Structures are given as structure tokens and as C-alpha cells.
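Worksheet: the structure to be examined is printed underneath.
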Amino acid sequence: MFKRLLNLLERGPRRLLWTVGLLALVCLAGGGSQMASMTMGVDDYDDSESAAVQVLEDVEKATGANLEQGYVVLVELDKPLDPKSAERPKQLRDAVDLIKGRPEVTDVADFVSAKNPAMVRKDGRSTYFVASVKGFTPGDAVTKAVTETQDTLEADKQLRDSVTLGGPTASNVEASAISSEDLGKAETLAFPILLILLLFIFRGLIAALIPLGGALVSIAVALGVLGAVMTVLDLSIFSLNLVMALGIGLSIDFSLLIISRFREELRAGHDTLEAVGRTMRTAGRTVLFSGLTVAVALASLLVFPQRFLYTMGIAGIATALGALIFALLGLPALLAVLGGRINKWAPKRWQHTQERGAGNESGGRWYRFSHGVMRRPVSAAVAASAVLVVLALPAFGTKFTGIDSASMPADSDAGRVYTTLEKDYPGSLQSPVHLVSEAPKDAGAELAAYRERLEGLDGVAAVTSPRPIGDGMWETQLALKDAPLSLQAQDTLDAVQGVDAPYPTVTTGNTALYDAMMSSLGDHLPLSIALMSLTTLLILFAMTGSVVLPLKAVITNLLTLASTLGLLIFVFQDGNLAGLFDFTSQGALQPTMLIILLAVALAMSTDYTVFLFSRIKEGVDHGLPDREAIAGGLEKVGRTVTLAAVLFCIPMGALVLSRLVFIKQLGFGTAVSVIIDATLVRALLVPSLMALFGRANWWAPGPLRRFHERFLSGLQERDESAVPAAAGAGRESVSTGREA
């Protein structure tokens, strides 16, 4: 593979560079035009196979209304309103007429039409009504509808200050707008910090700008892939957050590794093309394995039927592909063009402090630190493991919640409507349980008796009268006393489903859909974790030829994830540091975001594992004793891994600035997992465990060893001329490991 790349570079690196740039432009143009068609609805979290989702389709066919969508409109009144009155005040009449006139609205229910006095606040100073809406096609139709409705309300002088638009449809649009706005602010804040750090870490202006160019290529290719996929499959708009952050992070990681190795080869006296060749046979191979681990870890999200999750999987694969295209094609071509000019506009004292070459690592801080750890490997391993376990302890108390208007910022319109109704309208119908019964036209009396039985349940605030909604279909709405996604609401739902219905009845609505989502996630999560673990094991085996090192990597990755979950619970579930991070705790974590975090954190942990293992194995293959190879490997890539982790944390950590709490959770969790992995795991746990295992690190059963030597050894292109001078004493460790 790399021989062909070098042939292309010899023929003309500029041609290859232009090809990569043109590919990025084509992908950006094609993919960017499709972004307006991305979805942003609550159905992004649905499993289409669940009964609660399928009945939504039946209702929509019968009535034209999508029960997952809808407006909830809060009206502040000038004069107190008698809830028993049949007269609507002018403000309410005008607001109802305005909403009813919208083309997407199919039905409006206020306190008069619904015969529900509870839709008026106790002091009579405000009331609310709900509007059913049609299902929206993917794209900007829903955004256009909500924006036009808000603009019409704003244009009415009498309604602008007294009417607030909320509900799931408005909430979805606001969440998307907030996400995009917050992402832009986060990037604006993170970019200058990132640029300054890049300048100091890459030790030169030209080198510092390269990963930013790589990020543009990665993001452009990812958008192109997403655009192509969207010709056959709807995708969620929230994946763009992942594309931006992951594209920047991977490009920095890969660029830092390759540029560091290229400079090392230049300092060793090799000409430009030879330095590029040696770099790609070593660091390039590492980047290839690293990119594959990221892609396959995120590919595990494809097993979930929820659009939100499989979109993230597709976005992760596409971003990793874009980062690999730049790192393995664009970057070597750029290095071939630049040559020694990679160090231009870099102070000489910075160049002298670059990572040391292959000749002598014994004076480095990472070398001395790793030997200090390996002198007391048991103590270091126990101490690091103890810290990780303590951090992970809160994970046993994990609670979950979904995404609805409750997760919106309090200063958003949808958030204000939700908070006001929860506070002032107990048992409101803003998020009712819909009971859809398959019953004949004359089933009214039996369904009315069913309604009376439901009214007697604890947790039920009110039940509307059953109404026919289509041929052979009736609907009853049930208001809950508790928040629709709370544990208490789930208990009430179980009680409702336990009441014998006179006809086949399916529950749907926020509470039932959340219950169905959790069941679906639980069914698919074991397969996703198994795929993540298996593919990680296979890729690391292909790289190292060992079964011991991949198993240790999976175990340490799981420790990292568990400790990250513990910190997430401490901060977001328990509400600690809520003031610092500016959020209101929901008392639980969002499960789909946790699954994405699991995939991203595992991908990045394995990414850094590949960086370290590849350099250690390079030393072992060159005959260094195991501990010398470990210390030398850490000296070579310890700084790279640590700095890569710091730089990756900036775009991901910037997501903490989002006003959406589930985006905050993703940013905080990913940044924390990377920091834990780069410090406790890579600096302490890995070298101590490798020292304890010694030659057994490289063990594989005979059949697997022979399989690796026959079919996978070609992946290990080594630079035999780079054998350290002190290699001779340790060759028996390599042969013994392979003979085991």
C-alpha cells in the first residue's frame, strides 16, 4: 500500500495534493446541499418496529395528525377567566384562530372544545390550548412552519407579548437552532485557543496550520458521504456536532503523529522522499490502524434502529474516512512538497525540543517516568485501578431520561411553556398518554367504562372522553400527574397497561415511546458492545500479533468508560457543578447520548492505544528488551498522545457550552474519558501491566500466530534500517514471544 503511495509521490506530489483538495470541494458542494433535508424530530429516537410507533402511523393515516408532533400554546390574559364559562376571551379567540389557520394544523383543543376547566390556571390569568399537526417530510418544512407561526405571532401587536408557542414541534426546531448557534459560539471560542496551542505544540506556524487543513478535508468528505447516504436514507441533523468535533480531533491526532515522525526522520539525515517513505511505513501504518479502530467502533451504532444513533454511526465512519484520506494521501503529498520547509517560521530552539530521534531516548522525561512506574508495577497498577474504580462507583446508581421539552433551556419559548404548564397546570395535556383502541362505532359505552377505571389509578390526573378518530379506531387521552419521562410516569404507564381494556388497545405518546425506546436500546446494546469489543480485538491483533495486548486494551477501555460514567452521574445526574456548567439537572442521563459517548470514547481510547502499542512493538521487533521497548515507546509517543488528548478535548469540551444538557453531557463525557485515558491509563496502567506480563505480552496461540504470520504480516511494513544500536541484547524476548 505505502509503496504505491511513494510511487505516486515520486511522480508528482502536487498532483496528488490537488486531487485530495478537489475531492474535498466536490464532497463539500454535494453534501452541503443536502444538509437542509436532515431530520430534527422526536421520531429520530423511535424504533419503527415498536407497537407504540406503528400505531402512530395508523392514527396519521386516519386523521392526518402526527401524535408525536403538535403545538402547545400558552396565552396570558388581561382579565381573569372563569374556567366554567363557555365564552372565550378575545386574546384566546385570536390565538386559536391564528393557529387553526395554519396549513399544518389539523385540530385545536382549548378549555371550551375539550370541556376541560383544568386548561385554565387557578387564578384565571392564563390558559393553554393544544394543536395537532400533520407529519412533516424530512427537511426544512418543519422549520419553515414553526418560523412562520412565530413570525405571525410576533407581527400581531396584541398577541406578541401574551402568546408563547411551545410543544414538541416548536421544541424540536428550537433545539436544532440552539444546537447550531451554540456550536458556532463554541467553535468561535475554541478556535483561537486551538490555534495558539497548535502553534506551540507543533512548534511552527506552517506545521500548526496543517491539521486545520486536514480538519477541513475530513469534514468536507464526511458531509459528502452523508449527502450521498441521504439520497436513500433520512439522517439526523444532530450528527453535524459529531462531524465537526471528531473531524478536528482526528485530524490533529493523525497530523501530530505523522509530522512528529517526519521531522524525526529529517533530523536523522534522510532526504525528503526517504523521510516521507519511512514515516508512512511506521507512523502511516499506525494511523491506518487507528482510523480503522475509530471507524469500526462508531460502526457499532449501526445496529440500532433509532435514526439518531445510526446517523451518528454513519457520521463517525465518514469522518474517520475523511481523516484517513487526508493523513494517508494529502498529508504525505504536502510533506513531500514542503520538505524541510515544514520547520519554516519556527524558532530554532523549538525545533531542538522536538521529540527525540531513534538514537537515544534514555534522557527523556517519559523514559524516566515509565522506568519509575515499572520499578513498582504492582503498586502503580493497583493505585491507578483503585482511582478508576472509585470514580466508577456512582455508575451503579445510573438513572435515565429522554429528550423532550423538559430538556430545553428555561429561556427558550418551548422551555418556558413546558415549565409553566408543569408548575401551574398539574395534569396538563401537553404530553398525554394516547390510548388507541381498535373498536367498532358503537363501542362508546364500553370505552367510557374503561375510562372510569383508568381515572381511579394513582398517578392519573385526568382522562378525556373516548372519541372516534377513524374507521374502527377510538382515542382516549390520559394526563399524568408526573413528568412524562419520569420513573413515576413509567410506573403509571405500567398500571394503565395492566387495566383490562374492552378492545385491543395500544398506548403511545411521549411516555410510551420512551418506554419503547428503552426496551429497544436494551435489546440492541449487547450486540453493539460485542461488535465494538470484537472489532477492537481483531484490529489490535492484526497490528501486534498478540491476543494478550488486545484483551488488556479492552479491559482498560472498559475501566475508562466506567469511570467516565461515574463522573457524568456526579455532575449531571446528581447536579453537582450545575452552576459552573450552567444547567438544571434532570436527575438522570440521556441514554442515546451515553451510547454515542461509549462509542466515541472507546474509539479514541483505542486510537491512543494503537499509537502506543505500535511504537512499543517497533522497539520489540528491533530487538529491544521489553522494558526498554516500553520506556522507549512512551518516550517517543508519550508527549504526542498527551498533547493529542489535550487538543482533542478542546473541540469536544467546547460542547459543554451548549445550552442543551444532552449536548453538554456528550462534550463533558468525551473530554473526561480522553483525559483519563491519556493520564491514568496510558501513563500508569499500561506500562505497569506490560511490565508485569513481560514476554507474555506478545503471546498468541499457535494457530493464531501462524495465521497472523501468513496473512497479516504484510500489514507490518517495518524500517529495518532503523534498528537501535542497543538492540542485540533483547532479541530473545521477541523470538520467545512468538514461539510461545
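All residue names refer to the C-alpha cells as shown: chains lettered A, B, ... in order, residues numbered from 1 in each chain, ligands numbered from 1 in order.
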Neighbours of segment 586-589 of chain A within 6 Å (only C-alpha atoms; same-chain residues fewer than 6 positions away dropped), as a tab-separated table (two decimals) with N, CA, C and O atoms, in the first residue's frame?
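To be explicit, this is the file written out as selection-v8.tsv:
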chain	number	residue	atom	x	y	z
A	399	LYS	N	-29.49	6.54	36.36
A	399	LYS	CA	-30.90	6.70	36.01
A	399	LYS	C	-30.97	7.33	34.61
A	399	LYS	O	-30.06	8.05	34.20
A	400	PHE	N	-32.06	7.04	33.92
A	400	PHE	CA	-32.17	7.50	32.54
A	400	PHE	C	-33.42	8.35	32.34
A	400	PHE	O	-34.43	8.20	33.03
A	401	THR	N	-33.32	9.24	31.38
A	401	THR	CA	-34.46	10.03	30.95
A	401	THR	C	-34.33	10.29	29.45
A	401	THR	O	-33.26	10.03	28.86
A	573	GLN	N	-26.29	13.93	36.68
A	573	GLN	CA	-27.43	13.30	37.32
A	573	GLN	C	-27.67	13.86	38.72
A	573	GLN	O	-28.80	14.19	39.09
Inset, instruction - Please provide as a PyMOL selection string all residues within 10 Å of Gly653 of chain A, with the sequence filter that same-chain residues fewer than 2 positions apart are discarded (counting only C-alpha atoms). - result: chain A and resi 186+190+245+646-651+655-657+664-672
Inset, instruction - Would you mind listing what lies within 9 Å of Thr149 of chain A as a PyMOL selection string, with only C-alpha atoms counted and same-chain residues fewer than 6 positions away left out? - result: chain A and resi 98-99+102+165
Applying 12 Å and only C-alpha atoms, which residues near Gly32 of chain A remain after dropping the ones on its own chain fewer than 6 positions away? List them as a short mmCIF file (atom, residue, chain, number, x, y, z; two decimals) with C-alpha atoms, in the first residue's frame.
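selection.cif, written as the output of this step:
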data_model
loop_
_atom_site.label_atom_id
_atom_site.label_comp_id
_atom_site.auth_asym_id
_atom_site.auth_seq_id
_atom_site.Cartn_x
_atom_site.Cartn_y
_atom_site.Cartn_z
CA ALA A 24 -12.92 17.73 -0.66
CA LEU A 25 -14.51 20.53 -2.70
CA VAL A 26 -16.76 18.13 -4.60
CA MET A 38 -31.78 16.42 7.59
CA ILE A 219 -15.38 17.47 7.48
CA ALA A 220 -15.90 18.03 3.75
CA VAL A 221 -15.56 14.31 2.95
CA ALA A 222 -17.89 13.44 5.84
CA LEU A 223 -20.53 15.86 4.56
CA GLY A 224 -20.18 14.38 1.09
CA VAL A 225 -20.71 10.85 2.40
CA LEU A 226 -23.69 11.96 4.49
CA GLY A 227 -25.17 13.70 1.45
CA ALA A 228 -24.78 10.55 -0.65
CA MET A 230 -29.29 10.83 2.32
CA LEU A 240 -23.18 17.57 12.47
#
Inset, instruction - From segment 248-478 of chain A, collect each residue whose DSSP state is alpha helix (DSSP H) and return the set as number ranges by chain. - result: A: 248-267, 272-279, 285-299, 307-325, 331-338, 348-352, 365-375, 377-392, 413-424, 444-455
How about saving the chosen residues, C-alpha atoms kept, as a CSV table (one decimal), in the first residue's frame?
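Saved to out_12.csv:
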chain,number,residue,atom,x,y,z
A,248,ILE,CA,-10.9,18.4,14.1
A,249,GLY,CA,-9.8,15.9,16.8
A,250,LEU,CA,-8.8,13.1,14.4
A,251,SER,CA,-7.0,15.4,12.0
A,252,ILE,CA,-5.0,16.9,14.9
A,253,ASP,CA,-4.2,13.4,16.2
A,254,PHE,CA,-3.1,12.0,12.9
A,255,SER,CA,-1.2,15.1,11.8
A,256,LEU,CA,0.7,15.3,15.1
A,257,LEU,CA,1.8,11.7,14.9
A,258,ILE,CA,2.9,11.9,11.2
A,259,ILE,CA,4.6,15.3,11.4
A,260,SER,CA,6.5,14.3,14.5
A,261,ARG,CA,7.8,11.2,12.8
A,262,PHE,CA,8.6,13.1,9.6
A,263,ARG,CA,10.7,15.6,11.5
A,264,GLU,CA,12.4,12.8,13.3
A,265,GLU,CA,13.4,11.2,10.0
A,266,LEU,CA,14.6,14.6,8.6
A,267,ARG,CA,16.8,15.1,11.7
A,272,THR,CA,12.5,14.4,1.8
A,273,LEU,CA,11.1,11.4,-0.1
A,274,GLU,CA,13.0,8.9,2.0
A,275,ALA,CA,11.8,10.6,5.2
A,276,VAL,CA,8.2,10.5,3.9
A,277,GLY,CA,8.6,6.9,3.0
A,278,ARG,CA,9.9,5.9,6.4
A,279,THR,CA,7.3,8.0,8.1
A,285,ARG,CA,0.7,2.4,9.3
A,286,THR,CA,-0.2,3.4,12.9
A,287,VAL,CA,-2.6,6.0,11.6
A,288,LEU,CA,-4.3,3.4,9.3
A,289,PHE,CA,-4.9,1.1,12.2
A,290,SER,CA,-6.0,4.0,14.3
A,291,GLY,CA,-8.5,5.3,11.8
A,292,LEU,CA,-9.9,1.8,11.3
A,293,THR,CA,-10.5,1.4,15.1
A,294,VAL,CA,-12.3,4.7,15.2
A,295,ALA,CA,-14.5,3.7,12.2
A,296,VAL,CA,-15.4,0.2,13.4
A,297,ALA,CA,-16.1,1.5,17.0
A,298,LEU,CA,-18.6,4.0,15.7
A,299,ALA,CA,-19.9,1.5,13.1
A,307,ARG,CA,-32.2,7.3,13.4
A,308,PHE,CA,-30.4,9.4,15.9
A,309,LEU,CA,-27.9,6.6,16.7
A,310,TYR,CA,-27.3,5.1,13.3
A,311,THR,CA,-26.8,8.6,11.8
A,312,MET,CA,-24.1,9.1,14.4
A,313,GLY,CA,-22.5,5.8,13.3
A,314,ILE,CA,-22.6,6.8,9.6
A,315,ALA,CA,-21.2,10.3,10.5
A,316,GLY,CA,-18.4,8.8,12.6
A,317,ILE,CA,-17.4,6.3,9.8
A,318,ALA,CA,-17.5,9.1,7.2
A,319,THR,CA,-15.4,11.5,9.4
A,320,ALA,CA,-12.8,8.8,10.1
A,321,LEU,CA,-12.6,8.1,6.3
A,322,GLY,CA,-12.1,11.8,5.6
A,323,ALA,CA,-9.3,12.0,8.2
A,324,LEU,CA,-7.6,8.9,6.7
A,325,ILE,CA,-7.8,10.3,3.2
A,331,LEU,CA,-0.5,14.9,4.2
A,332,PRO,CA,2.4,12.9,2.7
A,333,ALA,CA,2.0,14.8,-0.5
A,334,LEU,CA,2.1,18.0,1.4
A,335,LEU,CA,5.2,16.9,3.3
A,336,ALA,CA,6.9,15.9,0.0
A,337,VAL,CA,6.2,19.4,-1.3
A,338,LEU,CA,7.4,21.2,1.9
A,348,LYS,CA,15.3,27.0,16.2
A,349,ARG,CA,15.0,26.4,20.0
A,350,TRP,CA,11.5,25.0,19.3
A,351,GLN,CA,13.0,22.7,16.7
A,352,HIS,CA,15.6,21.4,19.1
A,365,ARG,CA,11.2,12.6,31.0
A,366,TRP,CA,8.7,10.0,29.7
A,367,TYR,CA,11.5,7.4,29.5
A,368,ARG,CA,12.5,8.0,33.2
A,369,PHE,CA,8.9,8.2,34.3
A,370,SER,CA,8.0,4.9,32.7
A,371,HIS,CA,11.0,3.1,34.2
A,372,GLY,CA,9.9,4.6,37.6
A,373,VAL,CA,6.5,3.1,37.1
A,374,MET,CA,7.9,-0.3,36.0
A,375,ARG,CA,10.2,-0.5,39.1
A,377,PRO,CA,4.5,-2.2,38.6
A,378,VAL,CA,2.1,-3.7,41.2
A,379,SER,CA,1.8,-0.5,43.2
A,380,ALA,CA,1.3,1.6,40.1
A,381,ALA,CA,-1.3,-0.8,38.6
A,382,VAL,CA,-3.2,-1.1,41.9
A,383,ALA,CA,-3.2,2.7,42.5
A,384,ALA,CA,-4.4,3.5,39.0
A,385,SER,CA,-7.0,0.8,39.1
A,386,ALA,CA,-8.2,1.9,42.5
A,387,VAL,CA,-8.7,5.5,41.3
A,388,LEU,CA,-10.6,4.3,38.3
A,389,VAL,CA,-12.9,2.0,40.4
A,390,VAL,CA,-13.6,4.8,42.9
A,391,LEU,CA,-14.6,7.1,40.0
A,392,ALA,CA,-16.8,4.4,38.6
A,413,ASP,CA,-40.1,29.5,24.3
A,414,ALA,CA,-40.6,25.8,24.4
A,415,GLY,CA,-38.8,25.5,27.7
A,416,ARG,CA,-40.9,28.3,29.2
A,417,VAL,CA,-44.2,26.7,28.1
A,418,TYR,CA,-43.2,23.3,29.5
A,419,THR,CA,-42.0,24.7,32.8
A,420,THR,CA,-45.1,26.9,33.2
A,421,LEU,CA,-47.5,24.0,32.5
A,422,GLU,CA,-45.7,21.7,34.8
A,423,LYS,CA,-45.8,24.3,37.6
A,424,ASP,CA,-49.2,25.9,37.1
A,444,GLY,CA,-68.6,4.3,23.2
A,445,ALA,CA,-70.3,2.9,26.4
A,446,GLU,CA,-67.7,0.2,27.0
A,447,LEU,CA,-64.8,2.6,26.4
A,448,ALA,CA,-66.5,5.1,28.8
A,449,ALA,CA,-66.5,2.4,31.5
A,450,TYR,CA,-62.8,1.7,30.6
A,451,ARG,CA,-62.1,5.4,31.1
A,452,GLU,CA,-63.7,5.4,34.6
A,453,ARG,CA,-61.4,2.5,35.6
A,454,LEU,CA,-58.4,4.4,34.4
A,455,GLU,CA,-59.4,7.5,36.3
Inset, instruction - Might you pull out every residue within 8 Å of segment 130-134 of chain A, with only C-alpha atoms counted and same-chain residues fewer than 4 positions away left off, and present them as a count of residues only? - result: 21
Inset, instruction - Have a look at A:Leu580, A:Leu558, A:Ala696, A:Met473 and name the one nearest to Asp58 of chain A; count only C-alpha atoms. - result: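 Checking each of A:Leu580, A:Leu558, A:Ala696, A:Met473 against Asp58 of chain A, counting only C-alpha atoms, the winner is A:Met473.
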Inset, instruction - Rank A:Thr464, A:Thr544, A:Ser171, A:Asn557 by their smallest atom-to-atom distance to Ala603 of chain A, using only C-alpha atoms, and report the top residue only. - result: A:Asn557
Legend entry - Shell around Gly566 of chain A at 6 Å using only C-alpha atoms, local window under 2 positions removed, as number ranges by chain: A: 391-392, 394-395, 563-564, 568-569
Inset, instruction - Have a look at A:Leu197, A:Ala215, A:Ile403, A:Ala578 and name the one nearest to Met593 of chain A; count only C-alpha atoms. - result: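 Among the listed residues, the smallest separation from Met593 of chain A belongs to A:Ile403.
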Inset, instruction - Name the residues in contact with Pro409 of chain A at a cut-off of 10 Å, using only C-alpha atoms, excluding same-chain residues fewer than 5 positions from it; report them as a list in words. - result: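 Near Pro409 of chain A, the qualifying residues are Glu174, Ala175, Ile178, Ala414, Gly415, Arg416, Thr419, Asp582, Phe583, Thr584, Ser658, Arg659, Leu660 and Val661 of chain A.
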